[in-house]
Amino acid sequence: GSRKQEAEKHLPLFLKLTKNMKSVKFVVSKSKNLPDYLFQEFTARGVPLISSPLFDICENCDLAIVASGTATLECAISKTPFITIYKTSFLSWAITQSIVKLKFASIVNILANKKIVPELLQNDYTLKNVIQNLQLLSNTDHSKTMKKKFTTIINSLGDGSSYEKAAHYIANIK
């Protein structure tokens with residue numbers, strides 16, 4: 001996420017993940033507007049922080065864990081299999097649930113009107129669930145299927161250039 005509150009909710013579990021999955025090479029996409037102190041433990045563990053546009057980062061990753069929002073669409077456009085996560089305060093979640101009446105949180109799932117990518121929201125966003133979903137996504141057949149579904153989503157967005165322009169535009173908004 002690009003907001004401090006999101007980072008504070010999401011990063012502790014990411015840190016646990018880097019400690020529990022030592023055979024995996026992690027990178028963290030760091031929004032330029034977030035303070036460096038939030039990421040000190042990652043740098044101490046040798047986890048690279050990258051502030052490049054997310055689209056560029058995703059193109060160089062095998063799998064991703066992405067906070068719900070426009071980043072999920074960028075990840076799909078790069079055809080990088082991913083898990084959507086999101087956690088907020090109980091009160092914010094309750095208010096959102098009472099106002100927003102969507103079946104999905106990920107833009108990709110919303111556009112497809114079906115579950116293409118796993119969504120680990122609120123209490124489902126646990127270390128165990130993230131690890132299980134990463135292991136599932138590391139299966140080549142599962143990743144290939146997800147990438148094919150991404151192609152359908154991408155094709156629904158326009159003539160072939162509008163989605164890329166939109167992703168780059170979104171990635172470069174400051």
# chains A, B, ... in the order shown; residues from 1 in each chain; ligands from 1
>>> closest_atom_pairs(of="region 114-139 of chain A", to="region 10-19 of chain A", cutoff="9 Å", atoms="only C-alpha atoms", output="Markdown table")
| residue | atom | partner | partner_atom | distance |
| --- | --- | --- | --- | --- |
| A:Tyr125 | CA | A:Leu13 | CA | 8.5 |
| A:Thr126 | CA | A:Leu13 | CA | 7.3 |
| A:Leu127 | CA | A:Leu13 | CA | 6.4 |
| A:Val130 | CA | A:Leu17 | CA | 8.2 |
| A:Ile131 | CA | A:Leu17 | CA | 7.7 |
>>> closest_atom_pairs(of="region 56-90 of chain A", to="region 101-117 of chain A", cutoff="6 Å", atoms="only C-alpha atoms", output="CSV")
residue,atom,partner,partner_atom,distance
A:Ser68,CA,A:Ser106,CA,5.5
A:Leu73,CA,A:Val108,CA,5.9
A:Ile83,CA,A:Val117,CA,5.9
>>> write_last_selection(atoms="N, CA and C atoms", output="PDB file, in the first residue's frame")
ATOM      1  N   SER A  68      -4.960  -4.620  -1.847  1.00  0.00           N
ATOM      2  CA  SER A  68      -6.099  -4.345  -2.716  1.00  0.00           C
ATOM      3  C   SER A  68      -6.077  -2.893  -3.184  1.00  0.00           C
ATOM      4  N   LEU A  73      -4.506  -4.455 -10.492  1.00  0.00           N
ATOM      5  CA  LEU A  73      -4.663  -4.403 -11.947  1.00  0.00           C
ATOM      6  C   LEU A  73      -3.300  -4.328 -12.632  1.00  0.00           C
ATOM      7  N   ILE A  83      -1.458 -12.665  -4.889  1.00  0.00           N
ATOM      8  CA  ILE A  83      -2.466 -12.764  -3.839  1.00  0.00           C
ATOM      9  C   ILE A  83      -2.857 -11.335  -3.478  1.00  0.00           C
TER      10      ILE A  83
END
>>> residues_around(residues="region 142-145 of chain A", least_positions_apart="2", cutoff="10 Å", atoms="only C-alpha atoms", output="list in words")
Asp62, Leu63, Lys79, Thr80, Pro81, Phe82, Ile116, Leu136, Leu137, Ser138, Asn139, Thr140, Lys147, Lys148, Lys149 and Phe150 of chain A
>>> write_last_selection(atoms="C-alpha atoms", output="short mmCIF file (atom, residue, chain, number, x, y, z; two decimals), in the first residue's frame")
data_model
loop_
_atom_site.label_atom_id
_atom_site.label_comp_id
_atom_site.auth_asym_id
_atom_site.auth_seq_id
_atom_site.Cartn_x
_atom_site.Cartn_y
_atom_site.Cartn_z
CA ASP A 62 7.49 -14.77 -10.18
CA LEU A 63 4.75 -14.10 -7.61
CA LYS A 79 0.84 -11.22 -15.90
CA THR A 80 2.38 -11.83 -12.49
CA PRO A 81 0.39 -14.31 -10.38
CA PHE A 82 -0.51 -12.69 -7.06
CA ILE A 116 -9.35 -15.32 -10.22
CA LEU A 136 -0.40 -22.91 -4.46
CA LEU A 137 0.71 -20.14 -6.82
CA SER A 138 4.18 -21.63 -7.10
CA ASN A 139 2.53 -24.56 -8.91
CA THR A 140 3.25 -23.94 -12.59
CA LYS A 147 -2.10 -15.84 -16.41
CA LYS A 148 -4.60 -17.00 -19.06
CA LYS A 149 -7.41 -15.47 -17.03
CA PHE A 150 -5.40 -12.24 -16.78
#
>>> closest_residue(among="A:Ala64, A:Glu41, A:Ser29, A:Lys9", to="Asn123 (chain A)", atoms="only C-alpha atoms")
A:Lys9
>>> closest_residue(among="A:Gln135, A:Thr70, A:Thr43, A:Ser78", to="Val24 (chain A)", atoms="only C-alpha atoms")
A:Gln135
>>> atom_distance(atom1="CA of Gln40 (chain A)", atom2="CA of Val27 (chain A)")
13.4 Å
>>> closest_residue(among="A:Asn33, A:Thr72, A:Thr151, A:Gln122", to="Thr88 (chain A)", atoms="only C-alpha atoms")
A:Gln122
>>> select_by_dssp(residues="region 7-149 of chain A", states="strand (DSSP E or B)", output="short mmCIF file (atom, residue, chain, number, x, y, z; two decimals) with C-alpha atoms, in the first residue's frame")
data_model
loop_
_atom_site.label_atom_id
_atom_site.label_comp_id
_atom_site.auth_asym_id
_atom_site.auth_seq_id
_atom_site.Cartn_x
_atom_site.Cartn_y
_atom_site.Cartn_z
CA VAL A 28 9.47 -4.95 -1.08
CA SER A 29 7.90 -2.28 -3.23
CA LEU A 49 13.41 -2.04 -1.10
CA ILE A 50 12.42 -0.94 -4.58
CA ALA A 64 3.43 -11.10 -5.72
CA ILE A 65 1.45 -10.19 -2.64
CA VAL A 66 -0.47 -7.02 -3.39
CA ALA A 67 -2.63 -4.76 -1.25
CA PHE A 82 -0.51 -12.69 -7.06
CA ILE A 83 -2.47 -12.76 -3.84
CA THR A 84 -4.61 -9.79 -2.86
CA ILE A 85 -4.37 -8.82 0.79
CA TYR A 86 -5.90 -6.11 2.91
CA GLU A 119 -8.21 -12.50 -1.48
CA LEU A 120 -6.91 -12.60 2.07
CA LEU A 121 -8.83 -9.86 3.83
#
>>> closest_residue(among="A:Met21, A:Ala71, A:Leu34, A:Ala7", to="Asn172 (chain A)", atoms="only C-alpha atoms")
A:Ala71
>>> select_by_dssp(residues="region 59-144 of chain A", states="alpha helix (DSSP H)", output="JSON, numbers by chain")
{"A": [59, 70, 71, 72, 73, 74, 75, 76, 77, 90, 91, 92, 93, 94, 95, 96, 97, 98, 99, 107, 108, 109, 110, 111, 112, 127, 128, 129, 130, 131, 132, 133, 134, 135, 136, 137, 140, 141, 142, 143, 144]}
>>> decode(residues="region 17-38 of chain A", atoms="N, CA, C and O atoms", output="PDB file, in the first residue's frame")
ATOM      1  N   LEU A  17       6.881 -13.327   7.150  1.00  0.00           N
ATOM      2  CA  LEU A  17       6.983 -14.153   5.951  1.00  0.00           C
ATOM      3  C   LEU A  17       8.441 -14.310   5.522  1.00  0.00           C
ATOM      4  O   LEU A  17       8.884 -15.412   5.204  1.00  0.00           O
ATOM      5  N   THR A  18       9.192 -13.214   5.537  1.00  0.00           N
ATOM      6  CA  THR A  18      10.607 -13.287   5.142  1.00  0.00           C
ATOM      7  C   THR A  18      11.413 -14.142   6.121  1.00  0.00           C
ATOM      8  O   THR A  18      12.396 -14.759   5.729  1.00  0.00           O
ATOM      9  N   LYS A  19      10.984 -14.183   7.361  1.00  0.00           N
ATOM     10  CA  LYS A  19      11.672 -15.001   8.361  1.00  0.00           C
ATOM     11  C   LYS A  19      11.317 -16.476   8.231  1.00  0.00           C
ATOM     12  O   LYS A  19      12.121 -17.342   8.550  1.00  0.00           O
ATOM     13  N   ASN A  20      10.082 -16.773   7.778  1.00  0.00           N
ATOM     14  CA  ASN A  20       9.597 -18.146   7.697  1.00  0.00           C
ATOM     15  C   ASN A  20       9.864 -18.824   6.359  1.00  0.00           C
ATOM     16  O   ASN A  20       9.816 -20.046   6.274  1.00  0.00           O
ATOM     17  N   MET A  21      10.091 -18.056   5.335  1.00  0.00           N
ATOM     18  CA  MET A  21      10.320 -18.626   4.002  1.00  0.00           C
ATOM     19  C   MET A  21      11.708 -18.205   3.531  1.00  0.00           C
ATOM     20  O   MET A  21      11.859 -17.456   2.572  1.00  0.00           O
ATOM     21  N   LYS A  22      12.715 -18.725   4.206  1.00  0.00           N
ATOM     22  CA  LYS A  22      14.090 -18.304   3.960  1.00  0.00           C
ATOM     23  C   LYS A  22      14.610 -18.686   2.578  1.00  0.00           C
ATOM     24  O   LYS A  22      15.556 -18.090   2.088  1.00  0.00           O
ATOM     25  N   SER A  23      13.996 -19.672   1.928  1.00  0.00           N
ATOM     26  CA  SER A  23      14.462 -20.101   0.607  1.00  0.00           C
ATOM     27  C   SER A  23      13.914 -19.205  -0.517  1.00  0.00           C
ATOM     28  O   SER A  23      14.297 -19.353  -1.667  1.00  0.00           O
ATOM     29  N   VAL A  24      13.044 -18.266  -0.175  1.00  0.00           N
ATOM     30  CA  VAL A  24      12.423 -17.378  -1.167  1.00  0.00           C
ATOM     31  C   VAL A  24      13.146 -16.035  -1.172  1.00  0.00           C
ATOM     32  O   VAL A  24      13.467 -15.495  -0.108  1.00  0.00           O
ATOM     33  N   LYS A  25      13.397 -15.505  -2.352  1.00  0.00           N
ATOM     34  CA  LYS A  25      13.996 -14.175  -2.452  1.00  0.00           C
ATOM     35  C   LYS A  25      12.858 -13.146  -2.527  1.00  0.00           C
ATOM     36  O   LYS A  25      12.076 -13.146  -3.461  1.00  0.00           O
ATOM     37  N   PHE A  26      12.805 -12.288  -1.530  1.00  0.00           N
ATOM     38  CA  PHE A  26      11.766 -11.273  -1.442  1.00  0.00           C
ATOM     39  C   PHE A  26      12.306  -9.912  -1.856  1.00  0.00           C
ATOM     40  O   PHE A  26      13.495  -9.627  -1.671  1.00  0.00           O
ATOM     41  N   VAL A  27      11.425  -9.083  -2.386  1.00  0.00           N
ATOM     42  CA  VAL A  27      11.681  -7.655  -2.552  1.00  0.00           C
ATOM     43  C   VAL A  27      10.435  -6.944  -2.042  1.00  0.00           C
ATOM     44  O   VAL A  27       9.342  -7.504  -2.060  1.00  0.00           O
ATOM     45  N   VAL A  28      10.606  -5.734  -1.562  1.00  0.00           N
ATOM     46  CA  VAL A  28       9.473  -4.948  -1.084  1.00  0.00           C
ATOM     47  C   VAL A  28       9.370  -3.703  -1.942  1.00  0.00           C
ATOM     48  O   VAL A  28      10.342  -2.970  -2.107  1.00  0.00           O
ATOM     49  N   SER A  29       8.175  -3.500  -2.482  1.00  0.00           N
ATOM     50  CA  SER A  29       7.895  -2.279  -3.234  1.00  0.00           C
ATOM     51  C   SER A  29       7.570  -1.190  -2.218  1.00  0.00           C
ATOM     52  O   SER A  29       6.603  -1.299  -1.471  1.00  0.00           O
ATOM     53  N   LYS A  30       8.416  -0.158  -2.197  1.00  0.00           N
ATOM     54  CA  LYS A  30       8.250   0.919  -1.218  1.00  0.00           C
ATOM     55  C   LYS A  30       7.791   2.182  -1.922  1.00  0.00           C
ATOM     56  O   LYS A  30       8.469   2.695  -2.798  1.00  0.00           O
ATOM     57  N   SER A  31       6.645   2.662  -1.534  1.00  0.00           N
ATOM     58  CA  SER A  31       6.153   3.931  -2.047  1.00  0.00           C
ATOM     59  C   SER A  31       7.081   5.039  -1.559  1.00  0.00           C
ATOM     60  O   SER A  31       7.487   5.050  -0.387  1.00  0.00           O
ATOM     61  N   LYS A  32       7.416   5.952  -2.445  1.00  0.00           N
ATOM     62  CA  LYS A  32       8.355   7.031  -2.102  1.00  0.00           C
ATOM     63  C   LYS A  32       7.834   7.936  -0.990  1.00  0.00           C
ATOM     64  O   LYS A  32       8.618   8.587  -0.312  1.00  0.00           O
ATOM     65  N   ASN A  33       6.513   7.952  -0.786  1.00  0.00           N
ATOM     66  CA  ASN A  33       5.970   8.842   0.240  1.00  0.00           C
ATOM     67  C   ASN A  33       5.905   8.190   1.627  1.00  0.00           C
ATOM     68  O   ASN A  33       5.460   8.810   2.577  1.00  0.00           O
ATOM     69  N   LEU A  34       6.377   6.943   1.746  1.00  0.00           N
ATOM     70  CA  LEU A  34       6.378   6.294   3.060  1.00  0.00           C
ATOM     71  C   LEU A  34       7.718   6.495   3.752  1.00  0.00           C
ATOM     72  O   LEU A  34       8.765   6.444   3.098  1.00  0.00           O
ATOM     73  N   PRO A  35       7.695   6.679   5.066  1.00  0.00           N
ATOM     74  CA  PRO A  35       8.950   6.910   5.794  1.00  0.00           C
ATOM     75  C   PRO A  35       9.825   5.655   5.824  1.00  0.00           C
ATOM     76  O   PRO A  35       9.335   4.532   5.932  1.00  0.00           O
ATOM     77  N   ASP A  36      11.122   5.878   5.757  1.00  0.00           N
ATOM     78  CA  ASP A  36      12.093   4.781   5.731  1.00  0.00           C
ATOM     79  C   ASP A  36      12.053   3.916   6.988  1.00  0.00           C
ATOM     80  O   ASP A  36      12.315   2.711   6.915  1.00  0.00           O
ATOM     81  N   TYR A  37      11.731   4.514   8.149  1.00  0.00           N
ATOM     82  CA  TYR A  37      11.779   3.740   9.387  1.00  0.00           C
ATOM     83  C   TYR A  37      10.825   2.540   9.368  1.00  0.00           C
ATOM     84  O   TYR A  37      11.056   1.548  10.052  1.00  0.00           O
ATOM     85  N   LEU A  38       9.763   2.602   8.565  1.00  0.00           N
ATOM     86  CA  LEU A  38       8.830   1.478   8.483  1.00  0.00           C
ATOM     87  C   LEU A  38       9.497   0.231   7.891  1.00  0.00           C
ATOM     88  O   LEU A  38       9.019  -0.882   8.087  1.00  0.00           O
TER      89      LEU A  38
END
